Amino acid sequence: MTTSLTRSSTFTYTDAKYVASKLGADLLNLHARYGHPLRADVDDYVEETAQYLRHGYLDTVDFGFKDGDRWVLRLRYTAVAGGQLRDETPGGLPSAYDVAGHSFHSYLVRNDAYWNLSDAQRAEFNATLPIQRTAGAEPTAFAGSTGGSSQYSRNGAGLGRNVYTAF
């Protein structure tokens with residue numbers, strides 16, 4: 001007797017919202033420690049990330065504090081899919097890092113799937129987002145360390161997170 005099993009899954013909006021809510025928990029942790037991002041903005045960041053994940057348009061999204069054009073503390077979330085994904089508990093952020101006098105910042109990078117859309121399709125998608133981002137230069141992250149890696153996933157897709165701190 002031979003038995004075969006085929007399994008397929010679809011990454012839904014509910015899955016994307018679940019994954020993005022873990023990012024939201026990290027952002028609330030930042031708010032509790034450092035006063036930013038504003039609590040009122042966290043839901044918008046979660047919804048924006050969920051939409052990018054659901055449609056498969058996200059490369060990376062960063063949140064943190066910068067000094068001029070360089071990060072001093074950054075949480076980077078990278079879209080991941082397939083393979084052996086983990087779904088971990090949010091947290092594990094650096095404690096008591098001095099961000100006094102540094103501005104909170106977020107930077108999002110869209111992937112090729114987004115840029116392969118027509119101008120009209122990109123405009124239609126962007127109109128659904130709670131945050132309207134403007135073009136800008138990505139802050140640098142050269143002299144520091146990266147660690148605190150975590151992964152948040154569901155149904156074969158998710159976010160990998162790492163934490164950068166400047167020296």
# chains A, B, ... in the order shown; residues from 1 in each chain; ligands from 1
call {"tool": "closest_atom_pairs", "arguments": {"of": "segment 43-94 of chain A", "to": "segment 20-31 of chain A", "cutoff": "10 Å", "atoms": "only C-alpha atoms", "output": "Markdown table"}}
result
| residue | atom | partner | partner_atom | distance |
| --- | --- | --- | --- | --- |
| A:Asp43 | CA | A:Gly24 | CA | 7.2 |
| A:Asp44 | CA | A:Gly24 | CA | 9.4 |
| A:Tyr45 | CA | A:Gly24 | CA | 7.4 |
| A:Val46 | CA | A:Ala20 | CA | 5.2 |
| A:Glu47 | CA | A:Ala20 | CA | 7.4 |
| A:Glu48 | CA | A:Ala20 | CA | 8.6 |
| A:Thr49 | CA | A:Ala20 | CA | 5.9 |
| A:Ala50 | CA | A:Ala20 | CA | 5.4 |
| A:Gln51 | CA | A:Ala20 | CA | 9.2 |
| A:Tyr52 | CA | A:Ala20 | CA | 9.8 |
| A:Leu53 | CA | A:Ala20 | CA | 8.3 |
| A:Phe63 | CA | A:Leu27 | CA | 8.1 |
| A:Gly64 | CA | A:Leu30 | CA | 8.4 |
| A:Leu75 | CA | A:Asp26 | CA | 8.7 |
| A:Arg76 | CA | A:Leu23 | CA | 10.0 |
| A:Tyr77 | CA | A:Leu23 | CA | 8.1 |
| A:Asp87 | CA | A:Lys22 | CA | 9.5 |
| A:Glu88 | CA | A:Lys22 | CA | 8.9 |
| A:Thr89 | CA | A:Lys22 | CA | 7.6 |
| A:Pro90 | CA | A:Lys22 | CA | 5.8 |
| A:Gly91 | CA | A:Asp26 | CA | 6.0 |
| A:Gly92 | CA | A:Asp26 | CA | 8.9 |
| A:Leu93 | CA | A:Asp26 | CA | 7.9 |
| A:Pro94 | CA | A:Leu30 | CA | 9.5 |
call {"tool": "residues_around", "arguments": {"residues": "segment 141-154 of chain A", "least_positions_apart": "3", "cutoff": "8 Å", "atoms": "only C-alpha atoms", "output": "list in words"}}
result
Phe11, Asp15, Ala16, Tyr18, Val19, Lys22, Arg70, Trp71, Val72, Leu85, Arg86, Asp87, Glu88, Thr89, Pro90, Gly92, Leu93, Ala157, Gly158, Leu159, Gly160, Arg161, Asn162, Val163, Tyr164, Thr165, Ala166 and Phe167 of chain A
call {"tool": "write_last_selection", "arguments": {"atoms": "C-alpha atoms", "output": "PDB file, in the first residue's frame"}}
result
ATOM      1  CA  PHE A  11      -0.268  33.215   2.991  1.00  0.00           C
ATOM      2  CA  ASP A  15      -1.261  35.404   8.424  1.00  0.00           C
ATOM      3  CA  ALA A  16       0.406  38.678   7.425  1.00  0.00           C
ATOM      4  CA  TYR A  18      -0.271  37.881  12.753  1.00  0.00           C
ATOM      5  CA  VAL A  19       3.376  38.228  11.684  1.00  0.00           C
ATOM      6  CA  LYS A  22       4.946  40.630  16.396  1.00  0.00           C
ATOM      7  CA  ARG A  70      23.615  56.966  10.687  1.00  0.00           C
ATOM      8  CA  TRP A  71      21.690  54.511  12.807  1.00  0.00           C
ATOM      9  CA  VAL A  72      22.514  54.350  16.504  1.00  0.00           C
ATOM     10  CA  LEU A  85      11.018  29.259   9.431  1.00  0.00           C
ATOM     11  CA  ARG A  86      10.660  29.853  13.155  1.00  0.00           C
ATOM     12  CA  ASP A  87       7.921  31.697  14.962  1.00  0.00           C
ATOM     13  CA  GLU A  88       9.488  33.195  18.059  1.00  0.00           C
ATOM     14  CA  THR A  89       8.266  35.453  20.810  1.00  0.00           C
ATOM     15  CA  PRO A  90       8.958  39.183  20.305  1.00  0.00           C
ATOM     16  CA  GLY A  92      15.108  40.469  23.362  1.00  0.00           C
ATOM     17  CA  LEU A  93      15.794  44.103  22.563  1.00  0.00           C
ATOM     18  CA  ALA A 157       6.353  33.382   5.168  1.00  0.00           C
ATOM     19  CA  GLY A 158       7.324  35.981   7.709  1.00  0.00           C
ATOM     20  CA  LEU A 159       9.941  38.383   8.987  1.00  0.00           C
ATOM     21  CA  GLY A 160      13.497  37.906  10.153  1.00  0.00           C
ATOM     22  CA  ARG A 161      14.607  40.512  12.688  1.00  0.00           C
ATOM     23  CA  ASN A 162      18.052  41.666  13.676  1.00  0.00           C
ATOM     24  CA  VAL A 163      19.127  44.462  15.988  1.00  0.00           C
ATOM     25  CA  TYR A 164      21.965  46.848  15.157  1.00  0.00           C
ATOM     26  CA  THR A 165      23.621  49.026  17.795  1.00  0.00           C
ATOM     27  CA  ALA A 166      26.341  51.565  17.059  1.00  0.00           C
ATOM     28  CA  PHE A 167      29.515  51.684  19.121  1.00  0.00           C
TER      29      PHE A 167
END
call {"tool": "select_by_dssp", "arguments": {"residues": "segment 24-153 of chain A", "states": "strand (DSSP E)", "output": "ChimeraX atom specification"}}
result
/A:58-67,70-81,103-110,144-153
call {"tool": "closest_residue", "arguments": {"among": "A:Ala79, A:Val61, A:Leu73, A:Ala120", "to": "Glu138 of chain A", "atoms": "only C-alpha atoms"}}
result
A:Val61
call {"tool": "select_by_dssp", "arguments": {"residues": "chain A", "states": "alpha helix (DSSP H)", "output": "PyMOL selection string"}}
result
chain A and resi 13-34+39-55+112-115+119-127
call {"tool": "write_last_selection", "arguments": {"atoms": "N, CA and C atoms", "output": "short mmCIF file (atom, residue, chain, number, x, y, z; two decimals), in the first residue's frame"}}
result
data_model
loop_
_atom_site.label_atom_id
_atom_site.label_comp_id
_atom_site.auth_asym_id
_atom_site.auth_seq_id
_atom_site.Cartn_x
_atom_site.Cartn_y
_atom_site.Cartn_z
N TYR A 13 -4.06 37.45 4.40
CA TYR A 13 -3.98 38.71 5.15
C TYR A 13 -3.93 38.43 6.66
N THR A 14 -4.70 37.44 7.11
CA THR A 14 -4.70 37.08 8.54
C THR A 14 -3.30 36.63 8.96
N ASP A 15 -2.63 35.84 8.13
CA ASP A 15 -1.26 35.40 8.42
C ASP A 15 -0.32 36.61 8.47
N ALA A 16 -0.45 37.49 7.49
CA ALA A 16 0.41 38.68 7.42
C ALA A 16 0.19 39.56 8.65
N LYS A 17 -1.06 39.72 9.06
CA LYS A 17 -1.37 40.55 10.23
C LYS A 17 -0.79 39.92 11.50
N TYR A 18 -0.85 38.59 11.61
CA TYR A 18 -0.27 37.88 12.75
C TYR A 18 1.23 38.16 12.84
N VAL A 19 1.93 38.00 11.72
CA VAL A 19 3.38 38.23 11.68
C VAL A 19 3.69 39.69 12.00
N ALA A 20 2.97 40.60 11.37
CA ALA A 20 3.21 42.03 11.59
C ALA A 20 2.91 42.44 13.03
N SER A 21 1.99 41.74 13.68
CA SER A 21 1.67 42.08 15.08
C SER A 21 2.87 41.82 15.99
N LYS A 22 3.73 40.88 15.62
CA LYS A 22 4.95 40.63 16.40
C LYS A 22 5.91 41.81 16.25
N LEU A 23 5.99 42.36 15.05
CA LEU A 23 6.76 43.59 14.84
C LEU A 23 6.15 44.68 15.72
N GLY A 24 4.83 44.75 15.77
CA GLY A 24 4.15 45.74 16.60
C GLY A 24 4.51 45.60 18.07
N ALA A 25 4.63 44.37 18.54
CA ALA A 25 5.03 44.15 19.94
C ALA A 25 6.43 44.69 20.19
N ASP A 26 7.34 44.50 19.22
CA ASP A 26 8.69 45.06 19.36
C ASP A 26 8.63 46.59 19.39
N LEU A 27 7.80 47.18 18.55
CA LEU A 27 7.69 48.64 18.51
C LEU A 27 7.10 49.18 19.81
N LEU A 28 6.14 48.48 20.39
CA LEU A 28 5.60 48.89 21.69
C LEU A 28 6.67 48.78 22.77
N ASN A 29 7.54 47.79 22.64
CA ASN A 29 8.66 47.65 23.57
C ASN A 29 9.60 48.85 23.43
N LEU A 30 9.89 49.25 22.19
CA LEU A 30 10.71 50.45 21.98
C LEU A 30 10.05 51.67 22.61
N HIS A 31 8.74 51.80 22.40
CA HIS A 31 8.01 52.93 22.97
C HIS A 31 8.13 52.94 24.50
N ALA A 32 7.97 51.78 25.11
CA ALA A 32 8.04 51.69 26.58
C ALA A 32 9.44 52.07 27.09
N ARG A 33 10.48 51.72 26.34
CA ARG A 33 11.85 51.99 26.78
C ARG A 33 12.31 53.40 26.45
N TYR A 34 11.92 53.90 25.25
CA TYR A 34 12.52 55.12 24.73
C TYR A 34 11.51 56.21 24.36
N ARG A 39 2.76 55.61 20.32
CA ARG A 39 1.79 54.50 20.35
C ARG A 39 0.77 54.62 19.23
N ALA A 40 0.35 55.83 18.94
CA ALA A 40 -0.65 56.05 17.90
C ALA A 40 -0.15 55.61 16.52
N ASP A 41 1.17 55.58 16.31
CA ASP A 41 1.75 55.20 15.02
C ASP A 41 1.98 53.70 14.88
N VAL A 42 2.04 52.98 15.98
CA VAL A 42 2.37 51.55 15.93
C VAL A 42 1.35 50.78 15.08
N ASP A 43 0.07 51.02 15.26
CA ASP A 43 -0.95 50.30 14.48
C ASP A 43 -0.77 50.56 12.98
N ASP A 44 -0.40 51.78 12.62
CA ASP A 44 -0.17 52.08 11.21
C ASP A 44 1.03 51.33 10.66
N TYR A 45 2.11 51.24 11.44
CA TYR A 45 3.28 50.47 11.00
C TYR A 45 2.93 48.99 10.85
N VAL A 46 2.13 48.47 11.77
CA VAL A 46 1.71 47.06 11.70
C VAL A 46 0.88 46.83 10.44
N GLU A 47 -0.08 47.69 10.19
CA GLU A 47 -0.94 47.53 9.00
C GLU A 47 -0.13 47.66 7.72
N GLU A 48 0.75 48.64 7.67
CA GLU A 48 1.59 48.82 6.48
C GLU A 48 2.41 47.55 6.21
N THR A 49 3.05 47.02 7.24
CA THR A 49 3.88 45.83 7.09
C THR A 49 3.03 44.64 6.66
N ALA A 50 1.86 44.49 7.25
CA ALA A 50 0.96 43.38 6.89
C ALA A 50 0.59 43.46 5.41
N GLN A 51 0.30 44.66 4.92
CA GLN A 51 -0.07 44.82 3.51
C GLN A 51 1.10 44.47 2.58
N TYR A 52 2.29 44.96 2.92
CA TYR A 52 3.46 44.63 2.10
C TYR A 52 3.74 43.13 2.11
N LEU A 53 3.64 42.51 3.28
CA LEU A 53 3.86 41.05 3.36
C LEU A 53 2.81 40.29 2.57
N ARG A 54 1.56 40.63 2.75
CA ARG A 54 0.46 39.92 2.09
C ARG A 54 0.62 39.93 0.58
N HIS A 55 1.02 41.07 0.04
CA HIS A 55 1.16 41.19 -1.40
C HIS A 55 2.53 40.77 -1.91
N ASP A 112 11.60 43.65 -5.82
CA ASP A 112 11.39 43.71 -7.27
C ASP A 112 9.93 43.49 -7.67
N ALA A 113 9.19 42.65 -6.92
CA ALA A 113 7.79 42.41 -7.26
C ALA A 113 7.00 43.72 -7.24
N TYR A 114 7.32 44.58 -6.30
CA TYR A 114 6.66 45.89 -6.23
C TYR A 114 7.06 46.75 -7.43
N TRP A 115 8.35 46.81 -7.71
CA TRP A 115 8.83 47.67 -8.78
C TRP A 115 8.45 47.15 -10.16
N ASP A 119 2.93 51.71 -12.99
CA ASP A 119 2.78 52.91 -12.17
C ASP A 119 1.38 52.96 -11.56
N ALA A 120 0.38 52.61 -12.35
CA ALA A 120 -1.00 52.64 -11.87
C ALA A 120 -1.22 51.61 -10.75
N GLN A 121 -0.65 50.42 -10.91
CA GLN A 121 -0.79 49.39 -9.86
C GLN A 121 -0.10 49.81 -8.58
N ARG A 122 1.09 50.42 -8.70
CA ARG A 122 1.79 50.90 -7.50
C ARG A 122 0.98 52.00 -6.82
N ALA A 123 0.43 52.91 -7.59
CA ALA A 123 -0.39 53.99 -7.02
C ALA A 123 -1.62 53.43 -6.33
N GLU A 124 -2.25 52.43 -6.93
CA GLU A 124 -3.44 51.81 -6.33
C GLU A 124 -3.08 51.14 -5.00
N PHE A 125 -1.98 50.41 -4.98
CA PHE A 125 -1.54 49.75 -3.74
C PHE A 125 -1.19 50.79 -2.69
N ASN A 126 -0.41 51.79 -3.05
CA ASN A 126 0.02 52.82 -2.09
C ASN A 126 -1.17 53.55 -1.48
N ALA A 127 -2.23 53.71 -2.25
CA ALA A 127 -3.42 54.41 -1.75
C ALA A 127 -4.10 53.65 -0.61
#
call {"tool": "closest_residue", "arguments": {"among": "A:Phe104, A:Gly82, A:Asp67, A:Asp59", "to": "His36 of chain A", "atoms": "only C-alpha atoms"}}
result
A:Phe104
call {"tool": "atom_distance", "arguments": {"atom1": "atom CA of Tyr107 of chain A", "atom2": "atom CA of Val80 of chain A"}}
result
17.7 Å
call {"tool": "decode", "arguments": {"residues": "segment 24-55 of chain A", "atoms": "N, CA and C atoms", "output": "PDB file, in the first residue's frame"}}
result
ATOM      1  N   GLY A  24       4.831  44.754  15.768  1.00  0.00           N
ATOM      2  CA  GLY A  24       4.149  45.741  16.600  1.00  0.00           C
ATOM      3  C   GLY A  24       4.505  45.603  18.068  1.00  0.00           C
ATOM      4  N   ALA A  25       4.633  44.368  18.542  1.00  0.00           N
ATOM      5  CA  ALA A  25       5.030  44.149  19.941  1.00  0.00           C
ATOM      6  C   ALA A  25       6.433  44.692  20.192  1.00  0.00           C
ATOM      7  N   ASP A  26       7.338  44.502  19.224  1.00  0.00           N
ATOM      8  CA  ASP A  26       8.687  45.064  19.357  1.00  0.00           C
ATOM      9  C   ASP A  26       8.633  46.594  19.394  1.00  0.00           C
ATOM     10  N   LEU A  27       7.798  47.180  18.545  1.00  0.00           N
ATOM     11  CA  LEU A  27       7.689  48.644  18.514  1.00  0.00           C
ATOM     12  C   LEU A  27       7.099  49.179  19.811  1.00  0.00           C
ATOM     13  N   LEU A  28       6.137  48.478  20.386  1.00  0.00           N
ATOM     14  CA  LEU A  28       5.601  48.892  21.690  1.00  0.00           C
ATOM     15  C   LEU A  28       6.670  48.782  22.769  1.00  0.00           C
ATOM     16  N   ASN A  29       7.539  47.788  22.643  1.00  0.00           N
ATOM     17  CA  ASN A  29       8.659  47.648  23.571  1.00  0.00           C
ATOM     18  C   ASN A  29       9.601  48.846  23.429  1.00  0.00           C
ATOM     19  N   LEU A  30       9.890  49.250  22.191  1.00  0.00           N
ATOM     20  CA  LEU A  30      10.711  50.454  21.977  1.00  0.00           C
ATOM     21  C   LEU A  30      10.045  51.671  22.608  1.00  0.00           C
ATOM     22  N   HIS A  31       8.741  51.802  22.397  1.00  0.00           N
ATOM     23  CA  HIS A  31       8.014  52.932  22.975  1.00  0.00           C
ATOM     24  C   HIS A  31       8.127  52.941  24.498  1.00  0.00           C
ATOM     25  N   ALA A  32       7.972  51.779  25.112  1.00  0.00           N
ATOM     26  CA  ALA A  32       8.043  51.694  26.576  1.00  0.00           C
ATOM     27  C   ALA A  32       9.436  52.072  27.091  1.00  0.00           C
ATOM     28  N   ARG A  33      10.476  51.716  26.344  1.00  0.00           N
ATOM     29  CA  ARG A  33      11.845  51.992  26.775  1.00  0.00           C
ATOM     30  C   ARG A  33      12.307  53.405  26.446  1.00  0.00           C
ATOM     31  N   TYR A  34      11.924  53.898  25.253  1.00  0.00           N
ATOM     32  CA  TYR A  34      12.516  55.119  24.733  1.00  0.00           C
ATOM     33  C   TYR A  34      11.513  56.214  24.365  1.00  0.00           C
ATOM     34  N   GLY A  35      10.208  55.928  24.479  1.00  0.00           N
ATOM     35  CA  GLY A  35       9.194  56.925  24.173  1.00  0.00           C
ATOM     36  C   GLY A  35       8.816  57.041  22.706  1.00  0.00           C
ATOM     37  N   HIS A  36       9.452  56.260  21.831  1.00  0.00           N
ATOM     38  CA  HIS A  36       9.152  56.259  20.391  1.00  0.00           C
ATOM     39  C   HIS A  36       9.231  54.837  19.880  1.00  0.00           C
ATOM     40  N   PRO A  37       8.492  54.504  18.852  1.00  0.00           N
ATOM     41  CA  PRO A  37       7.560  55.347  18.113  1.00  0.00           C
ATOM     42  C   PRO A  37       6.350  55.696  18.973  1.00  0.00           C
ATOM     43  N   LEU A  38       5.615  56.684  18.566  1.00  0.00           N
ATOM     44  CA  LEU A  38       4.406  57.042  19.286  1.00  0.00           C
ATOM     45  C   LEU A  38       3.431  55.870  19.213  1.00  0.00           C
ATOM     46  N   ARG A  39       2.756  55.612  20.321  1.00  0.00           N
ATOM     47  CA  ARG A  39       1.794  54.501  20.353  1.00  0.00           C
ATOM     48  C   ARG A  39       0.768  54.616  19.233  1.00  0.00           C
ATOM     49  N   ALA A  40       0.348  55.831  18.940  1.00  0.00           N
ATOM     50  CA  ALA A  40      -0.654  56.052  17.897  1.00  0.00           C
ATOM     51  C   ALA A  40      -0.148  55.615  16.519  1.00  0.00           C
ATOM     52  N   ASP A  41       1.174  55.578  16.310  1.00  0.00           N
ATOM     53  CA  ASP A  41       1.745  55.204  15.019  1.00  0.00           C
ATOM     54  C   ASP A  41       1.976  53.702  14.876  1.00  0.00           C
ATOM     55  N   VAL A  42       2.035  52.977  15.978  1.00  0.00           N
ATOM     56  CA  VAL A  42       2.365  51.548  15.927  1.00  0.00           C
ATOM     57  C   VAL A  42       1.350  50.778  15.084  1.00  0.00           C
ATOM     58  N   ASP A  43       0.066  51.023  15.264  1.00  0.00           N
ATOM     59  CA  ASP A  43      -0.947  50.305  14.477  1.00  0.00           C
ATOM     60  C   ASP A  43      -0.772  50.560  12.983  1.00  0.00           C
ATOM     61  N   ASP A  44      -0.398  51.783  12.620  1.00  0.00           N
ATOM     62  CA  ASP A  44      -0.175  52.081  11.206  1.00  0.00           C
ATOM     63  C   ASP A  44       1.031  51.328  10.661  1.00  0.00           C
ATOM     64  N   TYR A  45       2.106  51.237  11.439  1.00  0.00           N
ATOM     65  CA  TYR A  45       3.278  50.467  11.001  1.00  0.00           C
ATOM     66  C   TYR A  45       2.933  48.991  10.854  1.00  0.00           C
ATOM     67  N   VAL A  46       2.128  48.471  11.766  1.00  0.00           N
ATOM     68  CA  VAL A  46       1.712  47.059  11.699  1.00  0.00           C
ATOM     69  C   VAL A  46       0.879  46.829  10.438  1.00  0.00           C
ATOM     70  N   GLU A  47      -0.084  47.686  10.188  1.00  0.00           N
ATOM     71  CA  GLU A  47      -0.942  47.527   9.005  1.00  0.00           C
ATOM     72  C   GLU A  47      -0.134  47.662   7.720  1.00  0.00           C
ATOM     73  N   GLU A  48       0.755  48.641   7.667  1.00  0.00           N
ATOM     74  CA  GLU A  48       1.590  48.816   6.477  1.00  0.00           C
ATOM     75  C   GLU A  48       2.414  47.551   6.215  1.00  0.00           C
ATOM     76  N   THR A  49       3.052  47.025   7.244  1.00  0.00           N
ATOM     77  CA  THR A  49       3.884  45.834   7.089  1.00  0.00           C
ATOM     78  C   THR A  49       3.035  44.641   6.664  1.00  0.00           C
ATOM     79  N   ALA A  50       1.859  44.486   7.254  1.00  0.00           N
ATOM     80  CA  ALA A  50       0.962  43.382   6.887  1.00  0.00           C
ATOM     81  C   ALA A  50       0.587  43.463   5.407  1.00  0.00           C
ATOM     82  N   GLN A  51       0.301  44.657   4.922  1.00  0.00           N
ATOM     83  CA  GLN A  51      -0.072  44.819   3.509  1.00  0.00           C
ATOM     84  C   GLN A  51       1.100  44.475   2.581  1.00  0.00           C
ATOM     85  N   TYR A  52       2.289  44.962   2.919  1.00  0.00           N
ATOM     86  CA  TYR A  52       3.459  44.633   2.096  1.00  0.00           C
ATOM     87  C   TYR A  52       3.741  43.132   2.110  1.00  0.00           C
ATOM     88  N   LEU A  53       3.636  42.506   3.277  1.00  0.00           N
ATOM     89  CA  LEU A  53       3.861  41.054   3.365  1.00  0.00           C
ATOM     90  C   LEU A  53       2.814  40.288   2.565  1.00  0.00           C
ATOM     91  N   ARG A  54       1.561  40.628   2.748  1.00  0.00           N
ATOM     92  CA  ARG A  54       0.464  39.921   2.091  1.00  0.00           C
ATOM     93  C   ARG A  54       0.616  39.933   0.577  1.00  0.00           C
ATOM     94  N   HIS A  55       1.025  41.071   0.043  1.00  0.00           N
ATOM     95  CA  HIS A  55       1.156  41.195  -1.398  1.00  0.00           C
ATOM     96  C   HIS A  55       2.528  40.775  -1.912  1.00  0.00           C
TER      97      HIS A  55
END
